[in-house]
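Undergrad: Quick one: the structure is below, questions incoming.
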Amino acid sequence: MEPTVSFFSGFTINDLWFLGEAALRTLWISVLSISIGTLLGVVCGWILYEGKLAAALTVAPFLDVFRSVPLIIQLVLFYNFAPIVGLNLDPFASGVVILSIYTAALVANVARGGIEAVGAPMRRAARSLGMTYWQDLRYVVFPIGGRAVFPAWVGVALGVMKDSALVSVLGYVELLKASQILITRTQEPFLILTIAGAFYFALSYPISRYSASLEKRWAQ
Amino acid sequence: MFDYNFHWRPVMKNLPDLLEASLLTLQVAVLAMILGILIGLCLALTRLHLKGPLYWFASAWVELARNTPALFQLFFFGFGLGAFGLHLSPYFIVLAGLTFNCAGYLAENFRGGFQAVPETQLRASRSLGMTAWQAYTRVVIPQVFRIVYHPITNQMVWAVLMSSLGMLVGFRELSGETQFFASRTFRIFEYFAVTAIIYYVIVKIILGASRLLATRLFRY
């Protein structure tokens with residue numbers, strides 16, 4: 001009897017572990033880029049709000065470009081541009097750089113909206129109580145404005161978490177790349193993509209639900 | 001620092017091809033938007049007015065579209081359905097993925113729009129002798145359309161940017177064409193830089209056109 005040779009092995013419990021680990025890597029690159037991007041974005045939003053002509057002219061077009069070019073093009077472009085100027089970045093570092101700037105471009109508008117949400121009378125009141133400009137920003141604008149735009153920020157953060165799937169083009173093995181690798185080996189695309197989708201859903205859905213309920217509660 | 005020779009000539013030679021491919025990008029994005037608006041309207045109305053299996057179906061669509069990465073959705077239509085012997089061509093993979101995604105996001109926008117129009121308007125127009133169809137198409141939908149006009153514009157831009165994922169499923173739209181040429185000539189940076197500019201211009205044209213249209217439509 002001829003021995004049958006199977007080139008494709010089935011899906012095992014180890015592969016589930018592999019996918020879980022990849023989901024953690026997705027989470028890690030997202031958390032890192034969202035944190036850096038938010039800090040950058042808040043600063044950019046503040047510059048946009050203060051709107052001194054020179055600052056607005058430098059920051060606004062810069063952010064505009066990053067919002068108007070597909071993320072995948074940005075990633076490929078930067079990954080190939082870095083060696084030209086003598087930087088040797090691995091896919092992870094390139095991904096973090098571009099995702100952070102992309103986040104910053106989106107957060108900047110959110111942050112500016114947050115500063116605008118705090119009315120001028122309240123800020124004048126803070127100043128007339130003897131607060132300095134920075135104290136006004138820290139103790140009045142940040143808590144009130146931050147609360148107003150928190151749901152919008154969560155939306156941006158979740159968007160970036162999902163868009164981090166694109167880092168797979170550079171070869172960083174996150175959730176989607178890992179599922180592609182497994183599909184190549186097991187030839188079971190439906191099962192593996194369903195599991196990967198469930199992982200993404202589990203990461204994103206609770207946060208978006210929580211943010212929506214928070215928005216409703218705060219709106220009252 | 002710059003010991004890299006930029007070769008712009010091959011890119012310029014292929015520029016007509018890239019511009020032609022960008023028409024394909026626009027085509028697929030516009031088609032997906034039209035389908036997305038129609039399906040999104042149905043999903044929103046279903047979620048607002050119906051109960052039972054149809055409601056669950058619409059909710060599942062919206063939540064899946066909003067809580068998983070666009071690239072994952074594309075892969076699902078591309079490879080996941082292959083498990084059932086359903087092999088779509090790259091064009092239809094991108095069209096299906098984009099439509100699925102846009103319909104999900106637009107459904108939420110439409111739902112917000114419908115909720116923003118007071119129910120009394122519907123009752124008033126019904127008591128004036130309009131049929132339900134007339135009341136919807138002449139009173140409710142125009143108001144909803146105003147509310148969702150800007151979200152639709154944003155979604156259109158997003159659809160154009162998202163169609164760039166087509167390059168990962170072998171679709172020869174702008175990004176796919178770029179990658180095709182780039183991988184043949186190894187001038188990856190130059191090709192993607194030019195493509196980034198083309199995307200930027202497309203997005204600016206869409207935003208400009210929508211602003212022009214808005215001043216014509218919302219004069220009163």
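Each chain in the structure tokens gets a letter, A, B and so on, in the order shown; residues start at 1 in every chain, and ligands are counted from 1 in the order they appear.
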Contacts of Gly170 in chain B at 9 Å or less, counting only C-alpha atoms, minus same-chain residues fewer than 6 places along, as a PDB file with N, CA and C atoms, in the first residue's frame?

TA:
```
ATOM      1  N   PRO B  90      -9.764  39.767  -7.902  1.00  0.00           N
ATOM      2  CA  PRO B  90      -9.267  40.848  -7.043  1.00  0.00           C
ATOM      3  C   PRO B  90     -10.176  42.075  -7.037  1.00  0.00           C
ATOM      4  N   TYR B  91     -10.743  42.403  -8.196  1.00  0.00           N
ATOM      5  CA  TYR B  91     -11.625  43.566  -8.271  1.00  0.00           C
ATOM      6  C   TYR B  91     -12.811  43.410  -7.319  1.00  0.00           C
ATOM      7  N   GLY B 176      -1.585  48.861  -6.340  1.00  0.00           N
ATOM      8  CA  GLY B 176      -1.185  47.581  -6.917  1.00  0.00           C
ATOM      9  C   GLY B 176      -0.291  47.794  -8.123  1.00  0.00           C
TER      10      GLY B 176
END
```

Undergrad: Kindly determine which residues of chain A lie within 6 Å of chain B, considering only C-alpha atoms, and give the answer as a VMD selection string.

TA: chain A and resid 68 to 70 77 80 85 162 189 to 190 200 to 201 204 to 205

Undergrad: For those residues, write C-alpha atoms to a file as a PDB file, in the first residue's frame.

TA:
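Result went into out.pdb, see below:
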```pdb
ATOM      1  CA  SER A  68      -4.568  62.216   3.096  1.00  0.00           C
ATOM      2  CA  VAL A  69      -2.154  59.485   2.054  1.00  0.00           C
ATOM      3  CA  PRO A  70      -3.048  55.813   2.613  1.00  0.00           C
ATOM      4  CA  LEU A  77       7.547  54.768   1.728  1.00  0.00           C
ATOM      5  CA  ASN A  80      12.299  52.376   2.071  1.00  0.00           C
ATOM      6  CA  VAL A  85      19.074  58.784   5.088  1.00  0.00           C
ATOM      7  CA  LYS A 162      -7.134  48.114  13.631  1.00  0.00           C
ATOM      8  CA  PRO A 189      -8.267  30.039   5.597  1.00  0.00           C
ATOM      9  CA  PHE A 190     -11.819  30.190   6.880  1.00  0.00           C
ATOM     10  CA  TYR A 200      -9.613  41.622  16.852  1.00  0.00           C
ATOM     11  CA  PHE A 201     -13.249  41.780  17.827  1.00  0.00           C
ATOM     12  CA  SER A 204     -11.975  46.319  20.003  1.00  0.00           C
ATOM     13  CA  TYR A 205     -15.621  45.662  20.851  1.00  0.00           C
TER      14      TYR A 205
END
```

Undergrad: Neighbouring residues of range 31-42 of chain A were defined as those with any atom within 9 Å, considering only C-alpha atoms; residues of the same chain fewer than 3 positions away were excluded. Please report them as a PyMOL selection string.

TA: chain A and resi 26-28+45-47+95-112+153+156-157+160-161

Undergrad: Atoms to include: N, CA and C atoms. Write the selected residues as a PDB file, in the first residue's frame.

TA:
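Output file part_16.pdb follows:
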```pdb
ATOM      1  N   THR A  26       0.211  42.630  18.360  1.00  0.00           N
ATOM      2  CA  THR A  26      -0.656  43.679  17.826  1.00  0.00           C
ATOM      3  C   THR A  26      -0.969  44.708  18.909  1.00  0.00           C
ATOM      4  N   LEU A  27      -1.302  44.175  20.097  1.00  0.00           N
ATOM      5  CA  LEU A  27      -1.647  45.051  21.221  1.00  0.00           C
ATOM      6  C   LEU A  27      -0.454  45.924  21.598  1.00  0.00           C
ATOM      7  N   TRP A  28       0.732  45.318  21.616  1.00  0.00           N
ATOM      8  CA  TRP A  28       1.935  46.020  22.048  1.00  0.00           C
ATOM      9  C   TRP A  28       2.273  47.156  21.097  1.00  0.00           C
ATOM     10  N   GLY A  45      -2.092  69.670  18.506  1.00  0.00           N
ATOM     11  CA  GLY A  45      -3.411  70.276  18.644  1.00  0.00           C
ATOM     12  C   GLY A  45      -3.326  71.625  19.343  1.00  0.00           C
ATOM     13  N   TRP A  46      -2.466  71.691  20.348  1.00  0.00           N
ATOM     14  CA  TRP A  46      -2.279  72.952  21.066  1.00  0.00           C
ATOM     15  C   TRP A  46      -1.699  74.008  20.126  1.00  0.00           C
ATOM     16  N   ILE A  47      -0.718  73.604  19.307  1.00  0.00           N
ATOM     17  CA  ILE A  47      -0.133  74.551  18.344  1.00  0.00           C
ATOM     18  C   ILE A  47      -1.202  75.013  17.355  1.00  0.00           C
ATOM     19  N   GLY A  95       7.189  50.691  11.860  1.00  0.00           N
ATOM     20  CA  GLY A  95       5.750  50.674  12.109  1.00  0.00           C
ATOM     21  C   GLY A  95       5.375  51.629  13.222  1.00  0.00           C
ATOM     22  N   VAL A  96       6.163  51.615  14.313  1.00  0.00           N
ATOM     23  CA  VAL A  96       5.849  52.494  15.441  1.00  0.00           C
ATOM     24  C   VAL A  96       5.968  53.962  15.022  1.00  0.00           C
ATOM     25  N   VAL A  97       7.024  54.276  14.260  1.00  0.00           N
ATOM     26  CA  VAL A  97       7.210  55.674  13.843  1.00  0.00           C
ATOM     27  C   VAL A  97       6.014  56.147  13.035  1.00  0.00           C
ATOM     28  N   ILE A  98       5.659  55.390  11.990  1.00  0.00           N
ATOM     29  CA  ILE A  98       4.578  55.850  11.112  1.00  0.00           C
ATOM     30  C   ILE A  98       3.231  55.828  11.831  1.00  0.00           C
ATOM     31  N   LEU A  99       2.969  54.768  12.579  1.00  0.00           N
ATOM     32  CA  LEU A  99       1.685  54.712  13.297  1.00  0.00           C
ATOM     33  C   LEU A  99       1.571  55.859  14.299  1.00  0.00           C
ATOM     34  N   SER A 100       2.696  56.226  14.946  1.00  0.00           N
ATOM     35  CA  SER A 100       2.655  57.323  15.914  1.00  0.00           C
ATOM     36  C   SER A 100       2.330  58.636  15.222  1.00  0.00           C
ATOM     37  N   ILE A 101       3.002  58.896  14.091  1.00  0.00           N
ATOM     38  CA  ILE A 101       2.739  60.157  13.393  1.00  0.00           C
ATOM     39  C   ILE A 101       1.311  60.185  12.872  1.00  0.00           C
ATOM     40  N   TYR A 102       0.870  59.027  12.366  1.00  0.00           N
ATOM     41  CA  TYR A 102      -0.502  58.924  11.866  1.00  0.00           C
ATOM     42  C   TYR A 102      -1.494  59.202  12.996  1.00  0.00           C
ATOM     43  N   THR A 103      -1.232  58.600  14.182  1.00  0.00           N
ATOM     44  CA  THR A 103      -2.084  58.864  15.343  1.00  0.00           C
ATOM     45  C   THR A 103      -2.063  60.345  15.692  1.00  0.00           C
ATOM     46  N   ALA A 104      -0.853  60.923  15.697  1.00  0.00           N
ATOM     47  CA  ALA A 104      -0.721  62.334  16.059  1.00  0.00           C
ATOM     48  C   ALA A 104      -1.547  63.203  15.127  1.00  0.00           C
ATOM     49  N   ALA A 105      -1.516  62.868  13.819  1.00  0.00           N
ATOM     50  CA  ALA A 105      -2.269  63.669  12.854  1.00  0.00           C
ATOM     51  C   ALA A 105      -3.757  63.625  13.158  1.00  0.00           C
ATOM     52  N   LEU A 106      -4.242  62.454  13.607  1.00  0.00           N
ATOM     53  CA  LEU A 106      -5.673  62.344  13.916  1.00  0.00           C
ATOM     54  C   LEU A 106      -5.997  62.966  15.271  1.00  0.00           C
ATOM     55  N   VAL A 107      -5.086  62.745  16.247  1.00  0.00           N
ATOM     56  CA  VAL A 107      -5.358  63.241  17.601  1.00  0.00           C
ATOM     57  C   VAL A 107      -5.294  64.770  17.644  1.00  0.00           C
ATOM     58  N   ALA A 108      -4.461  65.374  16.788  1.00  0.00           N
ATOM     59  CA  ALA A 108      -4.297  66.831  16.826  1.00  0.00           C
ATOM     60  C   ALA A 108      -5.637  67.536  16.696  1.00  0.00           C
ATOM     61  N   ASN A 109      -6.463  67.086  15.766  1.00  0.00           N
ATOM     62  CA  ASN A 109      -7.764  67.732  15.582  1.00  0.00           C
ATOM     63  C   ASN A 109      -8.669  67.490  16.778  1.00  0.00           C
ATOM     64  N   VAL A 110      -8.587  66.260  17.327  1.00  0.00           N
ATOM     65  CA  VAL A 110      -9.379  65.946  18.509  1.00  0.00           C
ATOM     66  C   VAL A 110      -8.963  66.866  19.660  1.00  0.00           C
ATOM     67  N   ALA A 111      -7.652  67.028  19.838  1.00  0.00           N
ATOM     68  CA  ALA A 111      -7.139  67.847  20.934  1.00  0.00           C
ATOM     69  C   ALA A 111      -7.555  69.306  20.757  1.00  0.00           C
ATOM     70  N   ARG A 112      -7.484  69.779  19.517  1.00  0.00           N
ATOM     71  CA  ARG A 112      -7.893  71.160  19.282  1.00  0.00           C
ATOM     72  C   ARG A 112      -9.380  71.328  19.612  1.00  0.00           C
ATOM     73  N   TRP A 153     -11.389  60.426  21.149  1.00  0.00           N
ATOM     74  CA  TRP A 153     -10.032  59.888  21.220  1.00  0.00           C
ATOM     75  C   TRP A 153     -10.055  58.366  21.214  1.00  0.00           C
ATOM     76  N   VAL A 156     -10.359  57.196  17.731  1.00  0.00           N
ATOM     77  CA  VAL A 156      -9.085  57.271  17.011  1.00  0.00           C
ATOM     78  C   VAL A 156      -8.177  56.122  17.425  1.00  0.00           C
ATOM     79  N   ALA A 157      -8.098  55.874  18.741  1.00  0.00           N
ATOM     80  CA  ALA A 157      -7.206  54.827  19.238  1.00  0.00           C
ATOM     81  C   ALA A 157      -7.609  53.457  18.692  1.00  0.00           C
ATOM     82  N   VAL A 160      -6.573  53.166  15.100  1.00  0.00           N
ATOM     83  CA  VAL A 160      -5.139  52.889  14.924  1.00  0.00           C
ATOM     84  C   VAL A 160      -4.844  51.433  15.267  1.00  0.00           C
ATOM     85  N   MET A 161      -5.521  50.915  16.304  1.00  0.00           N
ATOM     86  CA  MET A 161      -5.317  49.505  16.667  1.00  0.00           C
ATOM     87  C   MET A 161      -5.645  48.605  15.470  1.00  0.00           C
TER      88      MET A 161
END
```

Undergrad: Step one, run DSSP on the backbone; step two, keep only residues of range 78-192 of chain A assigned to alpha helix (DSSP H); then write them as an NGL selection string.

TA: :A and (78-81 or 91-117 or 120-128 or 133-135 or 142-163 or 175-186 or 189-192)

Undergrad: For CA of Leu182 in chain A and CA of Phe181 in chain B, determine how far apart the two atoms are, in Å to one decimal place.

TA: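 Separation of CA of Leu182 in chain A and CA of Phe181 in chain B: 29.0 Å.
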
Undergrad: Just the number, please: distance in Å from CA of Asn154 in chain B to CA of Gly159 in chain A, one decimal.

TA: 14.3 Å
